[in-house]
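Okay, structure first, notes after.
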Protein chains: 2
Amino acid sequence: MAKRYYTIFLLGTAGSGKTVLTRTLLDWFDQKKLDVAVLNLDAGVKRLPYNPDIDVRDIVNIDNLMDKLNLGPNGAMIASMDLIATKIDTIKDEIDYIEPEYLIVDTPGQIELFAYRSSGRLVSSVIAEHSQPTSVFLIDPSLALKPEGFSSVLLLSISVAFQLALPQIIAISKEDIIEKEQMENLEKWIDSPETLITDIHTSSQVSMSQQLGLSIVDILNQFKVTGDLFPISSNTGYNIDTLIALMERNWGQRDDFYE
Amino acid sequence: MAKRYYTIFLLGTAGSGKTVLTRTLLDWFDQKKLDVAVLNLDAGVKRLPYNPDIDVRDIVNIDNLMDKLNLGPNGAMIASMDLIATKIDTIKDEIDYIEPEYLIVDTPGQIELFAYRSSGRLVSSVIAEHSQPTSVFLIDPSLALKPEGFSSVLLLSISVAFQLALPQIIAISKEDIIEKEQMENLEKWIDSPETLITDIHTSSQVSMSQQLGLSIVDILNQFKVTGDLFPISSNTGYNIDTLIALMERNWGQRDDFYE
């Protein structure tokens with residue numbers, strides 16, 4: 001029987017900082033002398049700031065796909081995810097060969113490819129099934145400047161959690177570049193979700209029914225209770241220890257840790 | 001002053017049927033002898049089943065972008081959206097030159113590119129600003145087989161509505177290929193949102209708090225009241241008249257129709 005491992009899926013929209021966080025987490029585990037491996041699932045990425053132990057670019061050559069099938073970049077990205085799904089056993093075998101204790105999964109640039117296609121969901125479920133999984137959804141602060149933007153990305157993260165059926169921690173990335181005023185707004189919205197709705201009503205072009213507002217406040221209040229929504233920085237290391245502690249809590253929720 | 005026009009933004013995940021619906025709507029307007037134009041915003045698409053009046057592929061050559069900037073397909077798609085945003089005045093000039101009464105906007109394959117990047121939001125806001133806009137969010141029925149999948153895509157549609165600040169109608173596409181059992185489930189979930197939550201609790205791996213469940217029921221109940229959630233088929237024309245009627249209702253909500 002293959003040993004179970006702890007998996008961290010890094011999720012978020014393109015540019016939210018998944019790949020940089022992968023590097024930071026890798027360094028963290030290395031410093032603690034823990035046995036960690038990285039799986040890169042982005043077939044379309046050109047450069048990575050780390051050396052992946054398992055890399056789908058060894059399985060799928062996206063330039064060849066475009067040429068052979070006469071596909072545009074969007075079609076090629078979709079075809080590559082579907083092709084990766086057919087090779088999931090190869091990826092699983094590589095993981096079993098390496099036998100890491102911790103596995104960091106850097107997901108494709110566009111979250112849509114991974115979360116909203118059955119091939120992406122198949123890949124995540126096979127990797128998760130043999131491990132103790134958790135996921136981290138990164139919110140790009142540039143999408144959360146306005147109250148409706150913040151609400152929107154929060155709804156997206158919950159939508160993705162439903163698709164992938166993974167425990168989820170939500171982290172606002174790039175804390176080191178968030179302006180003071182924006183940080184105050186984010187803290188206010190997280191601490192007192194009702195203020196988010198008030199701010200949407202005063203600032204926004206979106207006409208939101210009172211009922212929808214209340215539903216969103218309810219959803220935010222639940223994250224407030226669990227403490228699973230906070231800013232981090234991959235560059236300065238801000239709140240990375242908190243992030244790891246929450247991952248450990250999620251891993252501990254299953255007790256069937258060894259098969 | 002340029003004449004105001006009625007705009008229809010077609011939104012949805014890759015493969016949800018935006019481009020096919022564009023073709024169906026175009027035929028509908030043509031048959032009524034109404035003055036309609038189509039804008040294609042997908043720089044990466046290879047083939048279209050209609051002739052766009054305005055086409056971003058005339059502005060952005062994505063193959064050149066990949067070569068010149070040594071970008072992967074994902075990077076090229078992002079760069080192309082950013083480039084389109086810098087050319088938004090050219091696109092606006094073309095619309096003003098054509099002076100259509102109705103403008104159908106076929107958005108990029110991946111909704112993420114359009115809704116969760118500031119360049120995409122800029123493009124939509126400039127086009128919307130000079131028109132009476134509405135949007136149609138297409139739910140791919142293959143993502144809505146299970147109750148948690150349906151909840152997920154619904155949350156995604158609300159998330160996108162917040163980002164784009166456009167009135168939104170939600171349509172489940174490809175009604176002609178939905179199996180009888182799935183259709184019965186969809187009808188049940190739309191008519192009685194509480195059943196969706198019961199079904200999630202019995203079928204799913206997702207552990208959803210009762211409170212989150214109630215919030216989702218609240219959100220669904222609001223769509224039920226407005227009637228903005230129903231199946232359509234671009235192939236058979238099923239419910240296309242209903243869709244048009246709801247667009248007209250959204251357009252009528254502003255009375256500043258001519259500048």
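Ordering of the structure tokens sets the chain letters (A, B, ...), residue numbers begin anew at 1 in every chain, and ligands are numbered from 1 in the order given.
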
Using only C-alpha atoms and a distance of at most 8 Å, pull out the residues of chain A that contact chain B, as a short mmCIF file (atom, residue, chain, number, x, y, z; two decimals) with N, CA, C and O atoms, in the first residue's frame.
```
data_model
loop_
_atom_site.label_atom_id
_atom_site.label_comp_id
_atom_site.auth_asym_id
_atom_site.auth_seq_id
_atom_site.Cartn_x
_atom_site.Cartn_y
_atom_site.Cartn_z
N THR A 13 -7.16 32.84 -9.08
CA THR A 13 -7.21 33.32 -10.47
C THR A 13 -5.79 33.58 -10.98
O THR A 13 -4.85 33.65 -10.19
N GLY A 44 1.04 25.10 -19.52
CA GLY A 44 1.31 26.25 -20.37
C GLY A 44 2.32 27.23 -19.82
O GLY A 44 2.63 28.23 -20.47
N VAL A 45 2.87 26.95 -18.65
CA VAL A 45 3.78 27.92 -18.04
C VAL A 45 5.17 27.82 -18.69
O VAL A 45 5.62 26.73 -19.03
N LYS A 46 5.83 28.97 -18.90
CA LYS A 46 7.15 28.98 -19.54
C LYS A 46 8.28 28.87 -18.52
O LYS A 46 9.24 28.16 -18.71
N LEU A 71 -4.98 24.25 -32.97
CA LEU A 71 -5.80 24.86 -31.93
C LEU A 71 -5.28 26.25 -31.58
O LEU A 71 -4.08 26.51 -31.67
N GLY A 72 -6.16 27.12 -31.17
CA GLY A 72 -5.77 28.39 -30.58
C GLY A 72 -5.29 28.12 -29.16
O GLY A 72 -5.40 27.01 -28.65
N PRO A 73 -4.73 29.15 -28.50
CA PRO A 73 -4.19 28.95 -27.15
C PRO A 73 -5.26 28.46 -26.16
O PRO A 73 -4.98 27.60 -25.32
N ASN A 74 -6.47 28.98 -26.28
CA ASN A 74 -7.52 28.56 -25.36
C ASN A 74 -7.86 27.08 -25.57
O ASN A 74 -7.90 26.30 -24.62
N GLY A 75 -8.05 26.70 -26.84
CA GLY A 75 -8.32 25.31 -27.16
C GLY A 75 -7.19 24.39 -26.71
O GLY A 75 -7.42 23.28 -26.23
N ALA A 76 -5.95 24.88 -26.86
CA ALA A 76 -4.79 24.07 -26.49
C ALA A 76 -4.73 23.87 -24.98
O ALA A 76 -4.39 22.78 -24.50
N MET A 77 -5.07 24.92 -24.23
CA MET A 77 -5.06 24.80 -22.76
C MET A 77 -6.11 23.77 -22.31
O MET A 77 -5.85 22.97 -21.42
N GLY A 109 -2.55 28.25 -14.36
CA GLY A 109 -2.74 29.70 -14.27
C GLY A 109 -4.21 30.08 -14.14
O GLY A 109 -4.61 30.78 -13.21
N GLN A 110 -5.01 29.62 -15.08
CA GLN A 110 -6.44 29.93 -15.04
C GLN A 110 -7.17 28.89 -14.20
O GLN A 110 -7.19 27.71 -14.55
N ILE A 111 -7.81 29.32 -13.15
CA ILE A 111 -8.49 28.39 -12.25
C ILE A 111 -9.64 27.68 -12.96
O ILE A 111 -10.02 26.56 -12.64
N GLU A 112 -10.18 28.36 -13.99
CA GLU A 112 -11.32 27.81 -14.72
C GLU A 112 -11.02 26.44 -15.33
O GLU A 112 -11.86 25.54 -15.33
N TYR A 116 -13.51 24.16 -13.29
CA TYR A 116 -14.78 24.09 -14.01
C TYR A 116 -14.72 23.20 -15.25
O TYR A 116 -15.48 23.40 -16.19
N ARG A 117 -13.80 22.27 -15.26
CA ARG A 117 -13.79 21.23 -16.30
C ARG A 117 -13.70 19.88 -15.60
O ARG A 117 -12.98 19.73 -14.63
N SER A 118 -14.40 18.89 -16.16
CA SER A 118 -14.43 17.60 -15.47
C SER A 118 -13.03 16.98 -15.44
O SER A 118 -12.67 16.30 -14.48
N LEU A 143 -8.14 42.49 -7.16
CA LEU A 143 -9.54 42.20 -7.46
C LEU A 143 -10.44 42.53 -6.28
O LEU A 143 -11.66 42.39 -6.36
N GLU A 148 -17.59 45.33 -3.91
CA GLU A 148 -18.23 44.33 -4.77
C GLU A 148 -17.19 43.37 -5.35
O GLU A 148 -17.49 42.19 -5.59
N GLY A 149 -15.96 43.85 -5.57
CA GLY A 149 -14.89 42.97 -6.04
C GLY A 149 -14.53 41.93 -4.98
O GLY A 149 -14.38 40.74 -5.28
N SER A 151 -16.48 40.87 -2.51
CA SER A 151 -17.60 39.92 -2.42
C SER A 151 -17.54 38.91 -3.54
O SER A 151 -17.78 37.72 -3.36
N SER A 152 -17.22 39.42 -4.74
CA SER A 152 -17.19 38.58 -5.93
C SER A 152 -16.16 37.46 -5.80
O SER A 152 -16.45 36.29 -6.05
N VAL A 153 -14.92 37.81 -5.39
CA VAL A 153 -13.87 36.80 -5.32
C VAL A 153 -14.15 35.81 -4.19
O VAL A 153 -13.84 34.62 -4.29
N LEU A 154 -14.79 36.30 -3.14
CA LEU A 154 -15.19 35.42 -2.05
C LEU A 154 -16.22 34.39 -2.53
O LEU A 154 -16.12 33.20 -2.21
N LEU A 155 -17.19 34.85 -3.30
CA LEU A 155 -18.18 33.92 -3.87
C LEU A 155 -17.50 32.93 -4.81
O LEU A 155 -17.84 31.75 -4.84
N LEU A 156 -16.49 33.42 -5.56
CA LEU A 156 -15.75 32.53 -6.46
C LEU A 156 -15.04 31.43 -5.66
O LEU A 156 -15.07 30.25 -6.04
N ILE A 158 -15.86 30.14 -2.82
CA ILE A 158 -16.84 29.16 -2.31
C ILE A 158 -17.32 28.28 -3.46
O ILE A 158 -17.48 27.07 -3.33
N SER A 159 -17.50 28.90 -4.63
CA SER A 159 -17.90 28.15 -5.82
C SER A 159 -16.87 27.06 -6.14
O SER A 159 -17.21 25.91 -6.44
N VAL A 160 -15.58 27.43 -6.06
CA VAL A 160 -14.50 26.48 -6.35
C VAL A 160 -14.45 25.37 -5.29
O VAL A 160 -14.25 24.19 -5.62
N PHE A 162 -16.92 24.11 -3.72
CA PHE A 162 -17.98 23.17 -4.07
C PHE A 162 -17.55 22.25 -5.20
O PHE A 162 -17.85 21.06 -5.20
N GLN A 163 -16.90 22.79 -6.22
CA GLN A 163 -16.49 21.98 -7.37
C GLN A 163 -15.49 20.92 -6.97
O GLN A 163 -15.57 19.78 -7.41
N ALA A 165 -14.55 19.95 -3.84
CA ALA A 165 -14.82 19.19 -2.62
C ALA A 165 -13.57 19.03 -1.76
O ALA A 165 -13.26 17.95 -1.27
N LEU A 166 -12.82 20.13 -1.63
CA LEU A 166 -11.62 20.13 -0.80
C LEU A 166 -11.80 21.12 0.35
O LEU A 166 -12.42 22.16 0.16
N GLN A 205 -22.33 50.43 -8.69
CA GLN A 205 -23.34 50.47 -9.75
C GLN A 205 -24.22 49.23 -9.66
O GLN A 205 -25.23 49.12 -10.32
N VAL A 206 -23.76 48.23 -8.88
CA VAL A 206 -24.52 46.98 -8.79
C VAL A 206 -25.74 47.22 -7.92
O VAL A 206 -25.63 47.66 -6.78
N GLN A 211 -31.87 41.13 0.31
CA GLN A 211 -31.81 39.72 0.67
C GLN A 211 -30.47 39.11 0.26
O GLN A 211 -29.84 38.38 1.02
N LEU A 212 -30.01 39.44 -0.97
CA LEU A 212 -28.73 38.92 -1.44
C LEU A 212 -27.61 39.43 -0.53
O LEU A 212 -26.70 38.69 -0.16
N SER A 215 -27.52 37.44 2.58
CA SER A 215 -26.96 36.10 2.36
C SER A 215 -25.43 36.16 2.36
O SER A 215 -24.76 35.28 2.90
N ILE A 216 -24.89 37.22 1.73
CA ILE A 216 -23.43 37.35 1.67
C ILE A 216 -22.85 37.63 3.06
O ILE A 216 -21.81 37.08 3.43
N ASP A 218 -24.10 36.55 5.80
CA ASP A 218 -24.13 35.25 6.47
C ASP A 218 -22.90 34.42 6.12
O ASP A 218 -22.26 33.82 6.97
N ILE A 219 -22.60 34.39 4.80
CA ILE A 219 -21.47 33.58 4.34
C ILE A 219 -20.17 34.09 4.95
O ILE A 219 -19.35 33.33 5.47
N GLN A 222 -19.50 33.21 8.56
CA GLN A 222 -19.02 31.86 8.82
C GLN A 222 -17.51 31.78 8.71
O GLN A 222 -16.85 31.07 9.47
#
```

| field | Backbone-only DSSP, strand (DSSP E) members of range 87-231 of chain A, as a PyMOL selection string | value | chain A and resi 102-106+131-139+168-172+229-231

| task | Kindly give the distance, in Å, that separates CA of Glu181 in chain A and CA of Thr242 in chain A, rounded to a single decimal. | result |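 Taking CA of Glu181 in chain A as the start and CA of Thr242 in chain A as the end point, the length is 23.3 Å.
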
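Among A:Asp55, A:Gly237, A:Leu10, A:Lys188, the residue with the shortest atom-to-atom distance to Phe114 in chain A, counting only C-alpha atoms, is A:Leu10.
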
| request: Would you mind reading off the distance between CA of Thr86 in chain B and CA of Val126 in chain B, one decimal, in Å? | output: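 Straight-line distance from CA of Thr86 in chain B to CA of Val126 in chain B works out to 11.6 Å.
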
Could you list, as a PDB file with N, CA and C atoms, in the first residue's frame, every residue within 9 Å of range 246-249 of chain B, counting only C-alpha atoms and ignoring same-chain residues fewer than 6 positions away?
```pdb
ATOM      1  N   ILE B   8     -25.942  42.938 -25.595  1.00  0.00           N
ATOM      2  CA  ILE B   8     -26.100  41.629 -24.941  1.00  0.00           C
ATOM      3  C   ILE B   8     -24.712  41.029 -24.765  1.00  0.00           C
ATOM      4  N   PRO B 133     -27.161  47.895 -21.395  1.00  0.00           N
ATOM      5  CA  PRO B 133     -26.600  46.546 -21.389  1.00  0.00           C
ATOM      6  C   PRO B 133     -27.445  45.517 -20.642  1.00  0.00           C
ATOM      7  N   THR B 134     -27.342  44.281 -21.078  1.00  0.00           N
ATOM      8  CA  THR B 134     -27.754  43.155 -20.253  1.00  0.00           C
ATOM      9  C   THR B 134     -26.733  42.065 -20.482  1.00  0.00           C
ATOM     10  N   SER B 135     -26.706  41.068 -19.594  1.00  0.00           N
ATOM     11  CA  SER B 135     -25.826  39.935 -19.832  1.00  0.00           C
ATOM     12  C   SER B 135     -26.611  38.648 -19.642  1.00  0.00           C
ATOM     13  N   VAL B 136     -26.130  37.621 -20.334  1.00  0.00           N
ATOM     14  CA  VAL B 136     -26.709  36.295 -20.183  1.00  0.00           C
ATOM     15  C   VAL B 136     -25.574  35.384 -19.729  1.00  0.00           C
ATOM     16  N   GLN B 168     -28.114  40.623 -15.103  1.00  0.00           N
ATOM     17  CA  GLN B 168     -27.788  39.268 -15.557  1.00  0.00           C
ATOM     18  C   GLN B 168     -29.008  38.349 -15.595  1.00  0.00           C
ATOM     19  N   ILE B 169     -29.101  37.617 -16.696  1.00  0.00           N
ATOM     20  CA  ILE B 169     -30.080  36.538 -16.803  1.00  0.00           C
ATOM     21  C   ILE B 169     -29.258  35.245 -16.795  1.00  0.00           C
ATOM     22  N   GLY B 227     -37.598  34.909 -11.862  1.00  0.00           N
ATOM     23  CA  GLY B 227     -37.748  34.045 -13.038  1.00  0.00           C
ATOM     24  C   GLY B 227     -36.561  34.064 -13.982  1.00  0.00           C
ATOM     25  N   ASP B 228     -35.400  34.480 -13.480  1.00  0.00           N
ATOM     26  CA  ASP B 228     -34.231  34.663 -14.345  1.00  0.00           C
ATOM     27  C   ASP B 228     -33.340  33.439 -14.419  1.00  0.00           C
TER      28      ASP B 228
END
```

| task | Just the residues within 12 Å of Thr90 in chain A, please, counting only C-alpha atoms, with nothing from its chain fewer than 3 positions along; format it as a ChimeraX atom specification. | result | /A:54-56,58-59,83-87,93-97,123,126-127

| said: Can you pull out the residues contacting Asp27 in chain A? Cut-off 10 Å, using only C-alpha atoms, and skip same-chain residues under 6 positions away; I want them as JSON, numbers by chain. | reply: {"A": [21, 33, 36, 50]}

| Interatomic distance (Å, one decimal) between CA of Met81 in chain A and CA of Phe9 in chain A |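 CA of Phe9 in chain A lies 16.1 Å from CA of Met81 in chain A.
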
| message | Could you go through range 24-198 of chain A and tell me which residues DSSP, when run on the backbone, assigns to helix (DSSP H, G or I), listing them as number ranges by chain? | response | A: 24-31, 56-58, 62-69, 73-86, 88-98, 111-115, 118-129, 141-143, 147-164, 175-177, 180-191, 193-198

| Nearest-residue call for Leu138 in chain B, choices B:Leu196, B:Ile172, B:Ile91, B:Val105, using only C-alpha atoms | B:Ile172

| query | Excluding same-chain residues fewer than 4 positions from Leu34 in chain B, what lies within 9 Å of it counting only C-alpha atoms, as a list of chain:residue names? | reply |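 Once the nearby chain positions are removed, what remains is B:Trp28, B:Phe29, B:Asp30, B:Glu101, B:Tyr102.
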